[in-house]
Amino acid sequence: MPPIILSMEVDGDDYFESEYRVKIGTQVKYLTIAPNTFDRETLSCPIQALSSLPWEDEWTVAHISRPEPRGELKTSLSNKALAGVKHHWHHAMIDCLELEKSKQLTAMALEAKYAHFPDNVIAKIARFEWEIPRIERETLAYQLLQDSDLTPRFLGHIHENGRIMGFILEKVEGCAASIENMEACETALKRLHQIGFLHGDTNRHNFLIIENGAKLLDFESFRENASQEAMQQEMDSLRVELMDDSGRGGGFIFQDG
C-alpha cells in the first residue's frame, strides 16, 4: 500500500525543516526534510522522491537531508516514542485512522464521520509534536467545563499508534458570532469568568451562536485561576473582537471550484 500524506507543514523559503505526517497501512510515521534538500514543487509532494525509503520497516521518524548540493540524500531513521497528551480523563478512545474526513476546517480541526456515532463529529488533532501542548490544554479545559453547558460535548480522546494526540466533540449547528450577538457572547464569557477561567482568544469565530445563546470553542490559550484584571481586559476587548471582519480565527475559506 503506497504511503499517504495526512498532514504537512512545508517551508517554502527553505529556512526551516518541512514536516510530514504519513499513513502507511495501519501505521502513521513522520518525516522531516532539511532545508535545501528538494525544490518547492517536490516538497509539496515528496513521496515519489523518497522511493528508496524503507516504509515498511519499524521506525517512527525519518529525517531526510542533502549535505552537499546535488549530492546524495542522507536518511536517518529513529524509532523514538512521540510525545502525547498526558491528561486522559474520558473513557472513549478513538483511533485517528477510523475517522473519515468530511471537511477540513483548520490546519488542526476537521469535520468527520465515525462509525460508532450517528452524526458527524468535530475532530481536533496535534499533527506534529509541537502542537501537543495546545491539545493538552484544550483537553483539560473541556474536562473542567464538561458540566457547564458552555461548550460542545467532549466525546472522547483520539489516539495514534496508542498515544493520545487529539479529541472529538459533538458537532453543534450554529454560526460564528458578530456584533449583533454581543449580549449572548457577553453572557457566555461572563459565566466562564465566574468560574475563574480565562478563554485567551475571544475572536468571533470562537463563539458558536445557537438558538438560545452562545457556546465557546477553541481553548488552546485557556487559563485557570485568572486574575480579575485579566478577565476584565478580556471582557473589555469583546466588542472589538466581534466587530473584526479580518477573518482571523475563521479557519480555511472554501470557494466553489
# chains A, B, ... in the order shown; residues from 1 in each chain; ligands from 1
call {"tool": "select_by_dssp", "arguments": {"residues": "range 11-248 of chain A", "states": "strand (DSSP E or B)", "output": "PyMOL selection string"}}
result
chain A and resi 18-24+27-33+61-65+74-78+93-95+100-104+109-113+121-125+154-160+163-170+175-176+198+207-210+213-216+223
call {"tool": "residues_around", "arguments": {"residues": "Leu208 in chain A", "least_positions_apart": "5", "cutoff": "9 Å", "atoms": "only C-alpha atoms", "output": "tab-separated table (two decimals) with N, CA, C and O atoms, in the first residue's frame"}}
result
chain	number	residue	atom	x	y	z
A	151	THR	N	-19.79	24.61	26.36
A	151	THR	CA	-19.05	24.09	25.21
A	151	THR	C	-19.81	22.93	24.57
A	151	THR	O	-20.71	22.34	25.19
A	172	VAL	N	-22.14	20.89	16.77
A	172	VAL	CA	-23.30	21.71	17.14
A	172	VAL	C	-23.58	22.67	16.00
A	172	VAL	O	-22.68	23.38	15.53
A	173	GLU	N	-24.81	22.70	15.55
A	173	GLU	CA	-25.18	23.60	14.46
A	173	GLU	C	-25.27	25.04	15.00
A	173	GLU	O	-25.89	25.30	16.03
A	174	GLY	N	-24.65	25.94	14.29
A	174	GLY	CA	-24.65	27.33	14.69
A	174	GLY	C	-23.79	28.13	13.74
A	174	GLY	O	-23.36	27.64	12.70
A	175	CYS	N	-23.50	29.35	14.09
A	175	CYS	CA	-22.69	30.21	13.22
A	175	CYS	C	-21.75	31.05	14.08
A	175	CYS	O	-21.94	31.18	15.30
A	176	ALA	N	-20.74	31.61	13.44
A	176	ALA	CA	-19.81	32.48	14.15
A	176	ALA	C	-20.53	33.74	14.61
A	176	ALA	O	-21.51	34.18	14.01
A	177	ALA	N	-20.03	34.31	15.68
A	177	ALA	CA	-20.67	35.49	16.27
A	177	ALA	C	-20.36	36.75	15.48
A	177	ALA	O	-19.39	36.82	14.72
A	185	CYS	N	-22.75	36.54	23.67
A	185	CYS	CA	-21.32	36.27	23.88
A	185	CYS	C	-20.87	36.78	25.23
A	185	CYS	O	-20.08	36.13	25.93
A	213	GLY	N	-28.43	31.04	22.73
A	213	GLY	CA	-27.25	31.65	23.34
A	213	GLY	C	-25.99	31.43	22.54
A	213	GLY	O	-26.00	31.43	21.31
A	214	ALA	N	-24.88	31.21	23.26
A	214	ALA	CA	-23.59	31.02	22.60
A	214	ALA	C	-22.79	29.96	23.34
A	214	ALA	O	-22.86	29.84	24.57
A	215	LYS	N	-22.04	29.17	22.58
A	215	LYS	CA	-21.10	28.23	23.17
A	215	LYS	C	-19.69	28.69	22.83
A	215	LYS	O	-19.47	29.38	21.82
A	216	LEU	N	-18.74	28.31	23.66
A	216	LEU	CA	-17.34	28.69	23.47
A	216	LEU	C	-16.56	27.55	22.86
A	216	LEU	O	-16.80	26.37	23.15
A	217	LEU	N	-15.61	27.92	21.99
A	217	LEU	CA	-14.78	26.94	21.29
A	217	LEU	C	-13.30	27.32	21.44
A	217	LEU	O	-12.98	28.44	21.81
call {"tool": "closest_residue", "arguments": {"among": "A:Ile195, A:Leu242, A:Ile135, A:Met182", "to": "Asp147 in chain A", "atoms": "only C-alpha atoms"}}
result
A:Ile195
call {"tool": "closest_residue", "arguments": {"among": "A:Ile158, A:Met8, A:Ala230, A:Ile132", "to": "Val85 in chain A", "atoms": "only C-alpha atoms"}}
result
A:Ile132
call {"tool": "closest_atom_pairs", "arguments": {"of": "range 63-168 of chain A", "to": "range 39-53 of chain A", "cutoff": "10 Å", "atoms": "only C-alpha atoms", "output": "CSV"}}
result
residue,atom,partner,partner_atom,distance
A:Ile64,CA,A:Leu50,CA,9.0
A:Leu73,CA,A:Leu50,CA,9.2
A:Thr75,CA,A:Leu53,CA,8.0
A:Leu77,CA,A:Leu53,CA,9.5
call {"tool": "write_last_selection", "arguments": {"atoms": "all heavy atoms", "output": "mmCIF file, in the first residue's frame"}}
result
data_model
loop_
_atom_site.group_PDB
_atom_site.id
_atom_site.type_symbol
_atom_site.label_atom_id
_atom_site.label_comp_id
_atom_site.auth_asym_id
_atom_site.auth_seq_id
_atom_site.Cartn_x
_atom_site.Cartn_y
_atom_site.Cartn_z
ATOM 1 N N ILE A 64 15.374 13.474 6.510
ATOM 2 C CA ILE A 64 15.968 13.448 5.177
ATOM 3 C C ILE A 64 16.751 14.735 4.961
ATOM 4 O O ILE A 64 16.246 15.834 5.221
ATOM 5 C CB ILE A 64 14.889 13.319 4.071
ATOM 6 C CG1 ILE A 64 13.855 12.237 4.441
ATOM 7 C CG2 ILE A 64 15.520 13.060 2.726
ATOM 8 C CD1 ILE A 64 14.415 10.860 4.541
ATOM 9 N N LEU A 73 21.118 11.836 -1.120
ATOM 10 C CA LEU A 73 20.263 12.029 0.048
ATOM 11 C C LEU A 73 20.814 11.248 1.238
ATOM 12 O O LEU A 73 21.341 10.140 1.082
ATOM 13 C CB LEU A 73 18.842 11.546 -0.241
ATOM 14 C CG LEU A 73 17.982 12.362 -1.204
ATOM 15 C CD1 LEU A 73 16.626 11.686 -1.383
ATOM 16 C CD2 LEU A 73 17.809 13.789 -0.716
ATOM 17 N N THR A 75 19.597 9.680 4.879
ATOM 18 C CA THR A 75 18.396 9.311 5.624
ATOM 19 C C THR A 75 18.774 8.814 7.006
ATOM 20 O O THR A 75 19.639 7.949 7.142
ATOM 21 C CB THR A 75 17.611 8.208 4.882
ATOM 22 O OG1 THR A 75 17.252 8.683 3.583
ATOM 23 C CG2 THR A 75 16.350 7.837 5.640
ATOM 24 N N LEU A 77 16.899 7.210 10.365
ATOM 25 C CA LEU A 77 15.656 6.645 10.878
ATOM 26 C C LEU A 77 15.721 6.531 12.399
ATOM 27 O O LEU A 77 16.756 6.178 12.967
ATOM 28 C CB LEU A 77 15.397 5.267 10.270
ATOM 29 C CG LEU A 77 15.308 5.191 8.746
ATOM 30 C CD1 LEU A 77 15.073 3.739 8.307
ATOM 31 C CD2 LEU A 77 14.200 6.086 8.225
#
call {"tool": "residues_around", "arguments": {"residues": "range 18-28 of chain A", "least_positions_apart": "5", "cutoff": "8 Å", "atoms": "only C-alpha atoms", "output": "short mmCIF file (atom, residue, chain, number, x, y, z; two decimals) with N, CA, C and O atoms, in the first residue's frame"}}
result
data_model
loop_
_atom_site.label_atom_id
_atom_site.label_comp_id
_atom_site.auth_asym_id
_atom_site.auth_seq_id
_atom_site.Cartn_x
_atom_site.Cartn_y
_atom_site.Cartn_z
N MET A 1 0.84 -1.19 0.00
CA MET A 1 0.00 0.00 0.00
C MET A 1 0.89 1.26 0.00
O MET A 1 1.78 1.37 0.84
N PRO A 2 0.69 2.17 -0.94
CA PRO A 2 1.56 3.35 -1.03
C PRO A 2 1.33 4.29 0.15
O PRO A 2 0.23 4.38 0.69
N PRO A 3 2.37 5.02 0.55
CA PRO A 3 2.22 5.99 1.64
C PRO A 3 1.26 7.11 1.24
O PRO A 3 1.21 7.52 0.08
N ILE A 4 0.52 7.61 2.22
CA ILE A 4 -0.43 8.70 2.01
C ILE A 4 -0.11 9.82 2.99
O ILE A 4 -0.03 9.60 4.20
N ILE A 5 0.10 11.03 2.48
CA ILE A 5 0.37 12.17 3.35
C ILE A 5 -0.93 12.62 4.00
O ILE A 5 -1.90 12.96 3.33
N LEU A 6 -0.94 12.64 5.33
CA LEU A 6 -2.11 13.07 6.09
C LEU A 6 -2.04 14.55 6.46
O LEU A 6 -3.05 15.24 6.48
N SER A 7 -0.83 15.02 6.78
CA SER A 7 -0.63 16.42 7.19
C SER A 7 0.76 16.84 6.74
O SER A 7 1.66 16.02 6.63
N MET A 8 0.90 18.16 6.51
CA MET A 8 2.23 18.66 6.16
C MET A 8 2.37 20.12 6.58
O MET A 8 1.40 20.87 6.64
N GLU A 9 3.60 20.49 6.89
CA GLU A 9 3.99 21.88 7.15
C GLU A 9 5.24 22.11 6.30
O GLU A 9 6.32 21.65 6.65
N VAL A 10 5.07 22.82 5.19
CA VAL A 10 6.16 23.00 4.24
C VAL A 10 6.71 24.42 4.34
O VAL A 10 5.95 25.39 4.29
N ASP A 11 8.02 24.53 4.47
CA ASP A 11 8.66 25.84 4.49
C ASP A 11 9.09 26.19 3.08
O ASP A 11 10.11 25.71 2.58
N ILE A 33 12.19 16.98 6.55
CA ILE A 33 13.10 17.19 5.41
C ILE A 33 13.85 18.50 5.64
O ILE A 33 13.25 19.56 5.83
N ALA A 34 15.16 18.41 5.65
CA ALA A 34 16.01 19.55 5.95
C ALA A 34 15.94 20.59 4.83
O ALA A 34 15.63 20.26 3.67
N PRO A 35 16.22 21.85 5.16
CA PRO A 35 16.27 22.89 4.11
C PRO A 35 17.28 22.53 3.03
O PRO A 35 18.27 21.84 3.28
N LEU A 43 8.78 19.39 -2.51
CA LEU A 43 8.36 19.45 -1.11
C LEU A 43 6.85 19.37 -0.96
O LEU A 43 6.34 18.91 0.06
N TRP A 55 9.73 2.09 3.88
CA TRP A 55 8.47 2.47 4.51
C TRP A 55 7.94 1.41 5.48
O TRP A 55 7.33 1.74 6.49
N GLU A 56 8.13 0.14 5.17
CA GLU A 56 7.54 -0.92 5.96
C GLU A 56 8.37 -1.29 7.18
O GLU A 56 7.92 -2.06 8.03
N THR A 60 9.62 5.42 13.50
CA THR A 60 8.56 6.40 13.68
C THR A 60 8.87 7.72 12.98
O THR A 60 7.97 8.39 12.49
N LEU A 97 -7.19 6.77 12.60
CA LEU A 97 -7.36 6.23 11.25
C LEU A 97 -8.77 5.71 11.01
O LEU A 97 -9.11 5.34 9.88
N ARG A 127 -1.08 17.55 14.78
CA ARG A 127 -0.46 16.91 13.63
C ARG A 127 1.00 16.58 13.90
O ARG A 127 1.53 15.57 13.43
N PHE A 128 1.66 17.43 14.69
CA PHE A 128 3.08 17.28 14.98
C PHE A 128 3.30 17.49 16.48
O PHE A 128 2.45 18.07 17.17
N GLU A 160 -3.21 7.78 18.23
CA GLU A 160 -2.49 7.41 17.01
C GLU A 160 -1.37 6.48 17.44
O GLU A 160 -0.50 6.86 18.23
N ASN A 161 -1.41 5.27 16.96
CA ASN A 161 -0.44 4.26 17.37
C ASN A 161 -0.38 4.14 18.90
O ASN A 161 0.65 3.85 19.48
#
